Structures are given as C-alpha cells and as structure tokens.
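The data block below is upload_30.tsv; it holds TSV, C-alpha atoms.
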chain	number	residue	atom	x	y	z
W	121	MET	CA	-9.64	26.76	-22.02
W	122	ALA	CA	-8.07	23.84	-20.13
W	123	ARG	CA	-6.14	24.79	-17.02
W	124	ARG	CA	-2.45	24.03	-17.37
W	125	ARG	CA	-1.12	21.73	-14.67
W	126	ARG	CA	1.89	23.09	-12.79
W	127	GLY	CA	5.04	21.03	-12.43
W	128	LEU	CA	6.95	18.49	-14.48
W	129	PRO	CA	5.27	15.59	-16.35
W	130	ILE	CA	7.13	12.86	-14.47
W	131	ASP	CA	5.96	9.23	-14.65
W	132	GLY	CA	7.20	6.40	-12.43
W	133	VAL	CA	7.25	4.83	-8.99
W	134	LEU	CA	9.39	5.88	-6.03
W	135	LEU	CA	9.95	3.35	-3.25
W	136	LEU	CA	10.11	5.80	-0.37
W	137	ASP	CA	11.33	4.94	3.12
W	138	LYS	CA	8.87	7.00	5.15
W	139	PRO	CA	10.40	8.43	8.32
W	140	LYS	CA	8.85	8.21	11.77
W	141	GLY	CA	6.64	11.10	12.84
W	142	MET	CA	5.52	12.05	9.33
W	143	SER	CA	2.07	11.37	7.92
W	144	SER	CA	1.83	9.53	4.62
W	145	ASN	CA	0.23	12.55	2.97
W	146	TYR	CA	2.98	14.89	4.21
W	147	ALA	CA	5.59	12.45	2.90
W	148	LEU	CA	3.77	12.32	-0.44
W	149	GLN	CA	3.67	16.10	-0.76
W	150	LYS	CA	7.34	16.39	0.22
W	151	ALA	CA	8.28	13.85	-2.47
W	152	ARG	CA	6.13	15.65	-5.00
W	153	ARG	CA	7.84	18.98	-4.25
W	154	LEU	CA	11.27	17.36	-4.41
W	155	TYR	CA	10.50	16.00	-7.87
W	156	GLN	CA	8.49	19.09	-8.92
W	157	ALA	CA	5.94	16.59	-10.23
W	158	GLN	CA	2.59	17.55	-11.72
W	159	LYS	CA	0.75	14.63	-10.15
W	160	ALA	CA	1.49	12.17	-7.35
W	161	GLY	CA	-0.27	9.68	-5.10
W	162	HIS	CA	0.68	7.03	-2.55
W	163	THR	CA	-0.44	3.42	-2.36
W	164	GLY	CA	-1.57	2.77	1.17
W	165	THR	CA	-1.38	4.85	4.33
W	166	LEU	CA	1.24	4.35	7.00
W	167	ASP	CA	0.56	5.86	10.44
W	168	PRO	CA	2.86	8.73	11.46
W	169	MET	CA	4.52	6.45	14.04
W	170	ALA	CA	5.28	3.82	11.38
W	171	THR	CA	8.28	3.79	9.05
W	172	GLY	CA	9.21	1.94	5.90
W	173	LEU	CA	7.98	1.22	2.43
W	174	LEU	CA	5.58	3.78	0.98
W	175	PRO	CA	5.42	3.49	-2.82
W	176	VAL	CA	4.79	6.93	-4.34
W	177	CYS	CA	3.35	7.04	-7.84
W	178	PHE	CA	4.02	9.95	-10.18
W	179	GLY	CA	2.04	10.95	-13.26
W	180	GLU	CA	0.68	8.02	-15.28
W	181	ALA	CA	1.58	5.58	-12.50
W	182	THR	CA	-1.25	7.03	-10.36
W	183	LYS	CA	-3.75	5.40	-12.73
W	184	PHE	CA	-2.61	1.97	-11.61
W	185	SER	CA	-1.84	2.58	-7.93
W	186	SER	CA	-5.02	0.77	-6.84
W	187	HIS	CA	-3.30	-2.53	-7.64
W	188	LEU	CA	-0.95	-1.93	-4.70
W	189	LEU	CA	-3.79	-0.93	-2.39
W	190	GLU	CA	-5.08	-4.49	-2.83
W	191	ALA	CA	-1.67	-6.07	-2.27
W	192	ASP	CA	-0.44	-8.20	0.63
W	193	LYS	CA	2.06	-6.59	2.98
W	194	VAL	CA	4.85	-7.52	5.40
W	195	TYR	CA	5.63	-5.64	8.63
W	196	ARG	CA	8.05	-5.81	11.53
W	197	ALA	CA	6.35	-4.78	14.78
W	198	ARG	CA	7.33	-4.20	18.41
W	199	ILE	CA	4.49	-4.98	20.85
W	200	LYS	CA	4.54	-3.85	24.47
W	201	PHE	CA	2.55	-5.91	26.97
W	202	GLY	CA	0.86	-4.70	30.15
W	203	GLN	CA	-0.59	-1.44	28.86
W	204	ASP	CA	-3.59	-0.54	26.72
W	205	THR	CA	-3.65	2.87	25.01
W	206	ASP	CA	-6.60	4.71	23.50
W	207	THR	CA	-4.99	4.58	20.04
W	208	GLY	CA	-3.51	1.09	20.21
W	209	ASP	CA	0.00	2.49	19.78
W	210	ALA	CA	2.64	4.45	21.67
W	211	GLU	CA	1.26	7.80	20.50
W	212	GLY	CA	-1.87	7.33	22.58
W	213	THR	CA	-2.65	7.72	26.27
W	214	VAL	CA	-2.37	4.71	28.56
W	215	ILE	CA	-5.90	3.85	29.67
W	216	ARG	CA	-5.26	0.59	31.51
W	217	GLU	CA	-2.32	-1.25	33.06
W	218	ARG	CA	-2.20	-4.95	33.91
W	219	GLU	CA	0.39	-7.39	35.13
W	220	ILE	CA	2.35	-9.23	32.44
W	221	PRO	CA	2.00	-13.00	32.85
W	222	ASP	CA	5.03	-15.25	33.03
W	223	VAL	CA	4.62	-17.48	29.97
W	224	THR	CA	7.03	-19.91	28.38
W	225	ASP	CA	8.10	-19.68	24.74
W	226	ALA	CA	5.83	-22.61	23.95
W	227	GLU	CA	2.85	-20.97	25.65
W	228	LEU	CA	3.52	-17.73	23.77
W	229	GLU	CA	3.69	-19.58	20.45
W	230	THR	CA	0.36	-21.23	21.26
W	231	VAL	CA	-1.18	-17.77	21.68
W	232	LEU	CA	0.40	-16.46	18.47
W	233	ASP	CA	-0.80	-19.52	16.60
W	234	ARG	CA	-4.39	-18.50	17.32
W	235	PHE	CA	-3.83	-15.52	15.05
W	236	ARG	CA	-2.20	-17.32	12.14
W	237	GLY	CA	-4.39	-17.98	9.11
W	238	GLU	CA	-7.81	-16.40	8.56
W	239	ILE	CA	-9.05	-14.36	11.52
W	240	ASP	CA	-11.82	-11.90	12.31
W	241	GLN	CA	-10.65	-8.40	13.11
W	242	VAL	CA	-12.41	-5.20	14.13
W	243	PRO	CA	-10.73	-2.12	12.58
W	244	PRO	CA	-9.53	0.43	15.18
W	245	MET	CA	-11.26	3.76	15.71
W	246	TYR	CA	-7.92	5.46	15.10
W	247	SER	CA	-7.88	4.59	11.41
W	248	ALA	CA	-8.45	6.32	8.06
W	249	LEU	CA	-11.65	4.37	7.44
W	250	LYS	CA	-14.56	6.71	6.90
W	251	HIS	CA	-18.01	7.02	8.49
W	252	GLN	CA	-20.42	9.31	6.63
W	253	GLY	CA	-17.48	10.91	4.85
W	254	ARG	CA	-15.37	11.53	7.96
W	255	PRO	CA	-12.23	9.56	8.93
W	256	LEU	CA	-12.77	7.50	12.05
W	257	TYR	CA	-9.70	9.02	13.72
W	258	GLU	CA	-11.39	12.44	13.64
W	259	LEU	CA	-14.39	11.03	15.48
W	260	ALA	CA	-12.14	9.17	17.92
W	261	ARG	CA	-10.37	12.41	18.83
W	262	GLN	CA	-13.77	13.85	19.76
W	263	GLY	CA	-14.48	10.89	22.01
W	264	ILE	CA	-17.00	9.40	19.58
W	265	GLU	CA	-16.94	5.65	18.98
W	266	ILE	CA	-18.68	4.11	15.97
W	267	GLU	CA	-19.53	0.44	15.66
W	268	ARG	CA	-17.24	-1.13	13.05
W	269	ALA	CA	-18.02	-4.21	11.01
W	270	VAL	CA	-15.85	-7.25	11.61
W	271	ARG	CA	-13.44	-7.99	8.78
W	272	ARG	CA	-12.08	-11.32	7.66
W	273	VAL	CA	-8.33	-10.96	7.11
W	274	THR	CA	-5.45	-13.38	6.68
W	275	ILE	CA	-2.22	-13.62	8.64
W	276	TYR	CA	-0.12	-15.61	6.19
W	277	ASN	CA	2.87	-15.85	8.50
W	278	MET	CA	3.89	-14.53	11.91
W	279	ALA	CA	7.43	-15.11	13.14
W	280	LEU	CA	8.55	-14.33	16.68
W	281	LEU	CA	11.83	-12.44	16.25
W	282	ALA	CA	12.59	-11.58	19.87
W	283	ARG	CA	11.22	-11.59	23.40
W	284	HIS	CA	11.69	-8.71	25.80
W	285	SER	CA	10.86	-8.29	29.46
W	286	ASP	CA	7.79	-6.25	28.52
W	287	GLY	CA	6.87	-7.56	25.08
W	288	ILE	CA	7.82	-9.10	21.78
W	289	GLU	CA	9.03	-8.29	18.28
W	290	ILE	CA	7.38	-10.04	15.35
W	291	GLU	CA	7.50	-10.11	11.55
W	292	VAL	CA	4.10	-10.62	10.02
W	293	ALA	CA	2.80	-11.11	6.46
W	294	VAL	CA	-0.82	-10.06	6.05
W	295	SER	CA	-3.62	-9.58	3.56
W	296	LYS	CA	-5.00	-6.18	2.60
W	297	GLY	CA	-7.06	-4.43	5.25
W	298	THR	CA	-5.19	-5.96	8.20
W	299	TYR	CA	-4.45	-3.61	11.11
W	300	ILE	CA	-1.30	-4.49	13.02
W	301	ARG	CA	-2.42	-2.32	15.94
W	302	SER	CA	-5.56	-4.41	16.27
W	303	LEU	CA	-3.48	-7.58	16.02
W	304	ALA	CA	-1.23	-6.35	18.84
W	305	GLU	CA	-4.21	-5.48	21.03
W	306	ASP	CA	-5.85	-8.84	20.39
W	307	ILE	CA	-2.66	-10.73	21.27
W	308	GLY	CA	-2.39	-8.75	24.50
W	309	GLU	CA	-6.02	-9.43	25.35
W	310	THR	CA	-5.57	-13.15	24.78
W	311	LEU	CA	-2.61	-13.09	27.18
W	312	GLY	CA	-4.79	-11.20	29.65
W	313	CYS	CA	-2.46	-8.24	30.04
W	314	GLY	CA	-3.31	-5.87	27.19
W	315	ALA	CA	-0.81	-4.54	24.66
W	316	HIS	CA	-0.03	-1.77	22.20
W	317	LEU	CA	2.38	-1.11	19.34
W	318	THR	CA	5.58	0.77	20.09
W	319	ALA	CA	7.20	0.44	16.66
W	320	LEU	CA	6.05	-0.58	13.18
W	321	ARG	CA	8.00	-0.84	9.94
W	322	ARG	CA	6.61	-1.91	6.57
W	323	LEU	CA	9.05	-4.17	4.76
W	324	LYS	CA	7.08	-5.22	1.70
W	325	THR	CA	4.06	-4.17	-0.38
W	326	GLY	CA	3.01	-6.55	-3.14
W	327	PRO	CA	6.10	-7.24	-5.27
W	328	PHE	CA	8.15	-4.43	-3.73
W	329	THR	CA	10.57	-5.01	-0.89
W	330	GLY	CA	12.47	-2.60	1.32
W	331	ASP	CA	15.78	-3.43	-0.39
W	332	ALA	CA	15.29	-0.65	-2.93
W	333	MET	CA	13.83	1.97	-0.58
W	334	LEU	CA	15.24	5.50	-0.54
W	335	ASP	CA	14.81	7.98	2.30
W	336	PHE	CA	14.60	11.76	1.86
W	337	GLU	CA	18.20	12.28	2.91
W	338	ARG	CA	19.45	10.06	0.09
W	339	LEU	CA	17.04	11.57	-2.43
W	340	GLU	CA	18.09	15.11	-1.53
W	341	ALA	CA	21.75	14.11	-1.83
W	342	LEU	CA	21.33	13.06	-5.49
W	343	ALA	CA	23.10	15.43	-7.84
W	344	ASP	CA	20.16	16.78	-9.84
W	345	GLN	CA	16.67	16.18	-11.18
W	346	GLN	CA	17.94	13.73	-13.78
W	347	ALA	CA	19.57	11.62	-11.08
W	348	ARG	CA	16.38	11.63	-9.00
W	349	GLU	CA	14.28	10.56	-11.97
W	350	GLY	CA	16.84	7.85	-12.60
W	351	VAL	CA	15.89	6.03	-9.38
W	352	LEU	CA	12.20	5.83	-10.31
W	353	LEU	CA	10.77	2.51	-11.39
W	354	PRO	CA	8.81	2.36	-14.68
W	355	VAL	CA	5.02	2.63	-14.68
W	356	ASP	CA	4.46	-0.89	-15.95
W	357	ILE	CA	6.12	-2.40	-12.88
W	358	LEU	CA	2.73	-1.90	-11.23
W	359	LEU	CA	1.19	-4.21	-13.83
W	360	ASP	CA	3.69	-7.06	-13.87
W	361	HIS	CA	1.10	-9.40	-12.34
W	362	LEU	CA	-1.14	-9.04	-15.42
W	363	PRO	CA	-0.72	-10.90	-18.73
W	364	ARG	CA	0.82	-8.99	-21.63
W	365	LEU	CA	-0.37	-8.45	-25.19
W	366	ASP	CA	1.76	-6.90	-27.92
W	367	ILE	CA	-0.43	-5.27	-30.55
W	368	SER	CA	0.08	-3.96	-34.05
W	369	ALA	CA	0.05	-0.28	-35.03
W	370	GLU	CA	-3.39	-0.81	-36.61
W	371	VAL	CA	-4.89	-2.28	-33.44
W	372	ALA	CA	-3.21	0.42	-31.35
W	373	TRP	CA	-4.78	3.09	-33.58
W	374	GLN	CA	-8.25	1.71	-32.79
W	375	ILE	CA	-7.68	1.18	-29.06
W	376	LEU	CA	-6.22	4.64	-28.51
W	377	ARG	CA	-9.34	6.14	-30.07
W	378	GLY	CA	-11.62	4.28	-27.71
W	379	GLN	CA	-12.65	1.59	-30.18
W	380	GLN	CA	-12.80	-2.18	-29.88
W	381	ALA	CA	-10.38	-4.14	-32.02
W	382	GLU	CA	-10.04	-7.67	-33.35
W	383	MET	CA	-6.89	-9.65	-32.65
W	384	ALA	CA	-5.81	-13.08	-31.50
W	385	THR	CA	-5.98	-13.22	-27.70
W	386	GLY	CA	-4.71	-16.77	-27.24
W	387	ALA	CA	-5.69	-18.41	-23.97
W	388	LEU	CA	-6.81	-15.19	-22.28
W	389	GLU	CA	-10.27	-15.55	-20.76
W	390	VAL	CA	-13.21	-13.34	-21.65
W	391	ASP	CA	-13.57	-10.43	-19.15
W	392	SER	CA	-9.92	-10.69	-18.12
W	393	VAL	CA	-7.74	-7.58	-18.12
W	394	THR	CA	-4.32	-7.39	-19.75
W	395	ARG	CA	-1.63	-4.78	-20.34
W	396	VAL	CA	-0.93	-3.87	-23.95
W	397	TYR	CA	2.24	-2.71	-25.69
W	398	GLN	CA	3.00	-1.40	-29.15
W	399	ASP	CA	6.66	-1.29	-30.19
W	400	GLN	CA	7.64	-2.11	-26.57
W	401	GLN	CA	5.75	0.95	-25.28
W	402	LEU	CA	3.05	0.49	-22.65
W	403	LEU	CA	-0.29	1.87	-23.83
W	404	GLY	CA	-2.41	0.85	-20.85
W	405	LEU	CA	-4.96	-1.81	-20.03
W	406	VAL	CA	-7.56	-3.53	-22.19
W	407	ARG	CA	-10.33	-6.00	-21.45
W	408	ILE	CA	-11.07	-9.14	-23.42
W	409	VAL	CA	-14.76	-8.52	-24.20
W	410	ALA	CA	-15.17	-11.62	-26.40
W	411	GLU	CA	-12.93	-14.21	-27.97
W	412	GLY	CA	-10.63	-12.29	-30.31
W	413	ILE	CA	-12.04	-8.87	-29.30
W	414	ILE	CA	-10.34	-6.35	-27.02
W	415	ALA	CA	-11.58	-2.99	-25.72
W	416	PRO	CA	-9.77	-0.16	-23.93
W	417	ARG	CA	-9.97	-0.31	-20.13
W	418	ARG	CA	-7.50	2.32	-18.90
W	419	LEU	CA	-5.01	4.00	-21.19
W	420	LEU	CA	-2.00	6.23	-20.68
W	421	SER	CA	-2.92	9.86	-21.36
W	422	THR	CA	0.41	10.39	-23.08
W	423	ALA	CA	-0.33	7.56	-25.52
W	424	VAL	CA	-3.84	8.85	-26.26
W	425	GLU	CA	-2.60	12.40	-26.76
W	426	ALA	CA	0.19	11.22	-29.07
W	427	ALA	CA	-2.32	9.24	-31.14
W	428	ALA	CA	-4.59	12.27	-31.40
W	429	GLY	CA	-1.68	14.12	-32.91

Can you present the structure in this file as structure tokens?
Amino acid sequence: MARRRRGLPIDGVLLLDKPKGMSSNYALQKARRLYQAQKAGHTGTLDPMATGLLPVCFGEATKFSSHLLEADKVYRARIKFGQDTDTGDAEGTVIREREIPDVTDAELETVLDRFRGEIDQVPPMYSALKHQGRPLYELARQGIEIERAVRRVTIYNMALLARHSDGIEIEVAVSKGTYIRSLAEDIGETLGCGAHLTALRRLKTGPFTGDAMLDFERLEALADQQAREGVLLPVDILLDHLPRLDISAEVAWQILRGQQAEMATGALEVDSVTRVYQDQQLLGLVRIVAEGIIAPRRLLSTAVEAAAG
C-alpha cells in the first residue's frame, strides 16, 4: 500500500526574500511548514550570511526547478579590503591583514575590468560542492583542504556602486556556478591587500527579479492559506523559456499514458524539448523524437493521475 504524503497538495513558486543568518534549507522548511505543503524544494543555495531571492518550488514545480539551477544570477555585494578570512566572508576568522593601497577610481576600474567576461575561478572550500559525497564546507571545518578543479565562469557585468574607506560595493551579473566570495578574494589579491565579503544580496535568478519577493513577515501577515497560495506563481512560469505546443485530447491521451504521438511540430528541431498544453492546462514536457513525432519527457503527476481515471 502506497504511503500517503502528509500536507497539502500545493503547486507553484514562491519568490522568497531569505533573511540573513538563515540557511537556505532552514528557509525552505520554514516556508513548507507555513504553507503546510506536501513537497517543496529550493532552486540554488544562498549562504546563511546572504539575503535575497530564493525561489521555493512547491509540489509539481519541483520537477522543473533544475531550470533555475542553471540560470544566470545578479547580486549586490559589499567587499572589505585589507583582511582575508578562512571562509572568504565575514562569518569566518581573519587569517591575514594587509595594508589597503591608495588607488584612484581609474586604477580600481582597471582591476575590476580584469574580472569582466569569461574568467577562471577556483570554488571555495566553504561551499556546498561535494567530495566523495561530503560537502566541502564540512571538510573545511575539520581543517581539511581538497584540491578543486578550476571552473570557467562568466561575469556578464560588474558595476561599481560605491567606494568606502575599507572597500567597495558592486552589482554583478554572473553565470551559473560563479562564487561571489571567490570573486571578492581574487579582486583583493589583485590589489595586493586581500578581501572578503561582508554582505551579499541576490537580486535576480533567471527571469525572476527581487521586485516580487516576499519575506516571512509579510507571508505570515497574510490573512489565511488562500491568501498565501494567491501569491504563488504558476508552475509553468519555470518553463517560459521553452517553446509551447498545444495538443488535442487524442494526442494528450497518448502522451499521458507514456506513448509517442504523431502531430505537426512546425519548426521545432528534432531532440528539442517543449512544454505541452491541452485546453490551456500544462501537462508537462515532451521531446521531439522525429519530425512530426513527440514523446513524453516529464509530465505532471496530477495530469497523469487524472488521465488514469
């Protein structure tokens, strides 16, 4: 007998404003309890020190959360010069202090320009990357350092927002896999004084911006469960970047039973993936396996269960 999942069958995406001092997983579980949701997952870890946009996916949306893991992101960061810490941020212990050089705005921009575009970056030990099944941060806390492979990442844009006596504030748009802590440390090393992050806020993930973020205080202030569900974005917002196919009831019957189906696919390329709808309802994803032939790729459980009757 199948085990019944506890909680409410809620589907959708919450754009959560994660508070400082809370891990992404703790924030996820708090959101899940607030919504009494059966299933939830987040779309990219933010360090406890960091704040800002943490999309939380409920129910069927978790099936498509990987699309946001691959997305570009935008951050605002405060970098302090003159001190290196063992974690690369303000939560760590200062391990080295150096004098901050007196550089002009033009000289600073020259340094920053070295990090615009494609760069090589070594992920920090204090990260969620895993080595033999263990997060690197666990090893780092034990004083163990593992050699990490260099990554090629892209800094699409880096704007200098402000200069302070001991550092700078920047806004930076980056590709997936970019560590802002590592960027801060590398900038400090290039200046010859070291550096670490003192504040980090995520402003954008893929198509989502911070304009629609909600913090826990605002969520808890909503009148009831219906009001809270009313602020969730629909599941298919995660798939807006994919082409759309509207299919007939006959084709939907085949797809929802795991079968291939024939239909006109227009200019869609073979092996491409598209979202499919029947009567304006999202059914999931299909793959174009040949010209005029589609096959199920990832379907909504609710749609499959409804089709099974």

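Our summary of the geometry notes that atom CA of Gln398 of chain W is positioned 28.0 Å from atom CA of His162 of chain W.
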
### Query
What is the distance, in Å and to one decimal place, between atom CA of Phe184 of chain W and atom CA of Ala157 of chain W?
17.0 Å

### Query
What is the atom CA of Arg236 of chain W to atom CA of His284 of chain W distance in Å?
21.3 Å

#### Entry: Non-local contacts of Leu376 of chain W (9 Å; all atoms listed in the file; under 5 positions in same chain excluded) as a PyMOL selection string
chain W and resi 371+403+416+419+423-425+427-428

### Message
Here is a test: counting only C-alpha atoms, which residue of W:Gly314, W:Gly326, W:Gly287, W:Gly263 is nearest to Gly208 of chain W?
### Response
W:Gly314

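Take the candidates W:Arg322, W:His361, W:Arg301, W:Arg283 and check each one against Leu166 of chain W using only C-alpha atoms; the shortest distance goes to W:Arg322.
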
Show which residues sit within 8 Å of segment 241-246 of chain W, as a compact mmCIF listing (two decimals) with C-alpha atoms, in the coordinates of the input. Count only C-alpha atoms, and ignore same-chain residues fewer than 2 positions away.
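Result saved to result.txt:
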# COMPACT_ATOMS: atom_id res chain seq x y z
CA THR W 207 -4.99 4.58 20.04
CA GLY W 208 -3.51 1.09 20.21
CA ILE W 239 -9.05 -14.36 11.52
CA ALA W 248 -8.45 6.32 8.06
CA LEU W 256 -12.77 7.50 12.05
CA TYR W 257 -9.70 9.02 13.72
CA GLU W 258 -11.39 12.44 13.64
CA LEU W 259 -14.39 11.03 15.48
CA ALA W 260 -12.14 9.17 17.92
CA GLU W 265 -16.94 5.65 18.98
CA ILE W 266 -18.68 4.11 15.97
CA ARG W 268 -17.24 -1.13 13.05
CA ALA W 269 -18.02 -4.21 11.01
CA VAL W 270 -15.85 -7.25 11.61
CA ARG W 271 -13.44 -7.99 8.78
CA ARG W 272 -12.08 -11.32 7.66
CA VAL W 273 -8.33 -10.96 7.11
CA THR W 298 -5.19 -5.96 8.20
CA TYR W 299 -4.45 -3.61 11.11
CA ARG W 301 -2.42 -2.32 15.94
CA SER W 302 -5.56 -4.41 16.27
CA LEU W 303 -3.48 -7.58 16.02

### Task
Dump as a ChimeraX atom specification all residues having an atom at most 10 Å from (-0.4, -3.5, -13.8), computed in the file's coordinates with all atoms listed in the file.
/W:181,183-188,355-364,393-395,404-405

Which residues are near segment 220-235 of chain W? Cut-off 9 Å, only C-alpha atoms, ignore same chain within fewer than 3 positions. Put them as an mmCIF file with C-alpha atoms, keeping the file's coordinate frame.
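So part.cif came out as:
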data_model
loop_
_atom_site.group_PDB
_atom_site.id
_atom_site.type_symbol
_atom_site.label_atom_id
_atom_site.label_comp_id
_atom_site.auth_asym_id
_atom_site.auth_seq_id
_atom_site.Cartn_x
_atom_site.Cartn_y
_atom_site.Cartn_z
ATOM 1 C CA PHE W 201 2.550 -5.910 26.970
ATOM 2 C CA GLY W 202 0.860 -4.700 30.150
ATOM 3 C CA GLU W 238 -7.810 -16.400 8.560
ATOM 4 C CA ILE W 239 -9.050 -14.360 11.520
ATOM 5 C CA THR W 274 -5.450 -13.380 6.680
ATOM 6 C CA ILE W 275 -2.220 -13.620 8.640
ATOM 7 C CA MET W 278 3.890 -14.530 11.910
ATOM 8 C CA ALA W 279 7.430 -15.110 13.140
ATOM 9 C CA LEU W 280 8.550 -14.330 16.680
ATOM 10 C CA ARG W 283 11.220 -11.590 23.400
ATOM 11 C CA ASP W 286 7.790 -6.250 28.520
ATOM 12 C CA GLY W 287 6.870 -7.560 25.080
ATOM 13 C CA LEU W 303 -3.480 -7.580 16.020
ATOM 14 C CA ASP W 306 -5.850 -8.840 20.390
ATOM 15 C CA ILE W 307 -2.660 -10.730 21.270
ATOM 16 C CA THR W 310 -5.570 -13.150 24.780
ATOM 17 C CA LEU W 311 -2.610 -13.090 27.180
ATOM 18 C CA GLY W 312 -4.790 -11.200 29.650
ATOM 19 C CA CYS W 313 -2.460 -8.240 30.040
ATOM 20 C CA GLY W 314 -3.310 -5.870 27.190
#

Missing atoms of segment 325-341 of chain W rebuilt to N, CA and C atoms, written as a compact mmCIF listing (two decimals), in the coordinates of the input:
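Written out: out-v5.txt:
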# COMPACT_ATOMS: atom_id res chain seq x y z
N THR W 325 5.41 -4.44 0.14
CA THR W 325 4.06 -4.17 -0.38
C THR W 325 3.96 -4.83 -1.75
N GLY W 326 3.11 -5.84 -1.87
CA GLY W 326 3.01 -6.55 -3.14
C GLY W 326 4.36 -7.07 -3.58
N PRO W 327 4.81 -6.73 -4.78
CA PRO W 327 6.10 -7.24 -5.27
C PRO W 327 7.30 -6.44 -4.79
N PHE W 328 7.06 -5.32 -4.11
CA PHE W 328 8.15 -4.43 -3.73
C PHE W 328 8.65 -4.72 -2.33
N THR W 329 9.96 -4.78 -2.19
CA THR W 329 10.57 -5.01 -0.89
C THR W 329 11.35 -3.76 -0.47
N GLY W 330 11.74 -3.75 0.80
CA GLY W 330 12.47 -2.60 1.32
C GLY W 330 13.89 -2.48 0.81
N ASP W 331 14.38 -3.46 0.08
CA ASP W 331 15.78 -3.43 -0.39
C ASP W 331 16.08 -2.22 -1.25
N ALA W 332 15.06 -1.76 -2.00
CA ALA W 332 15.29 -0.65 -2.93
C ALA W 332 14.75 0.68 -2.42
N MET W 333 14.38 0.74 -1.13
CA MET W 333 13.83 1.97 -0.58
C MET W 333 14.87 3.09 -0.53
N LEU W 334 14.40 4.32 -0.68
CA LEU W 334 15.24 5.50 -0.54
C LEU W 334 14.58 6.45 0.44
N ASP W 335 15.37 6.99 1.38
CA ASP W 335 14.81 7.98 2.30
C ASP W 335 15.06 9.38 1.73
N PHE W 336 14.48 10.40 2.38
CA PHE W 336 14.60 11.76 1.86
C PHE W 336 16.04 12.25 1.86
N GLU W 337 16.81 11.84 2.85
CA GLU W 337 18.20 12.28 2.91
C GLU W 337 18.97 11.82 1.68
N ARG W 338 18.75 10.57 1.28
CA ARG W 338 19.45 10.06 0.09
C ARG W 338 18.92 10.70 -1.19
N LEU W 339 17.63 10.93 -1.25
CA LEU W 339 17.04 11.57 -2.43
C LEU W 339 17.57 13.00 -2.60
N GLU W 340 17.63 13.73 -1.48
CA GLU W 340 18.09 15.11 -1.53
C GLU W 340 19.58 15.19 -1.86
N ALA W 341 20.32 14.12 -1.57
CA ALA W 341 21.75 14.11 -1.83
C ALA W 341 22.08 13.81 -3.30
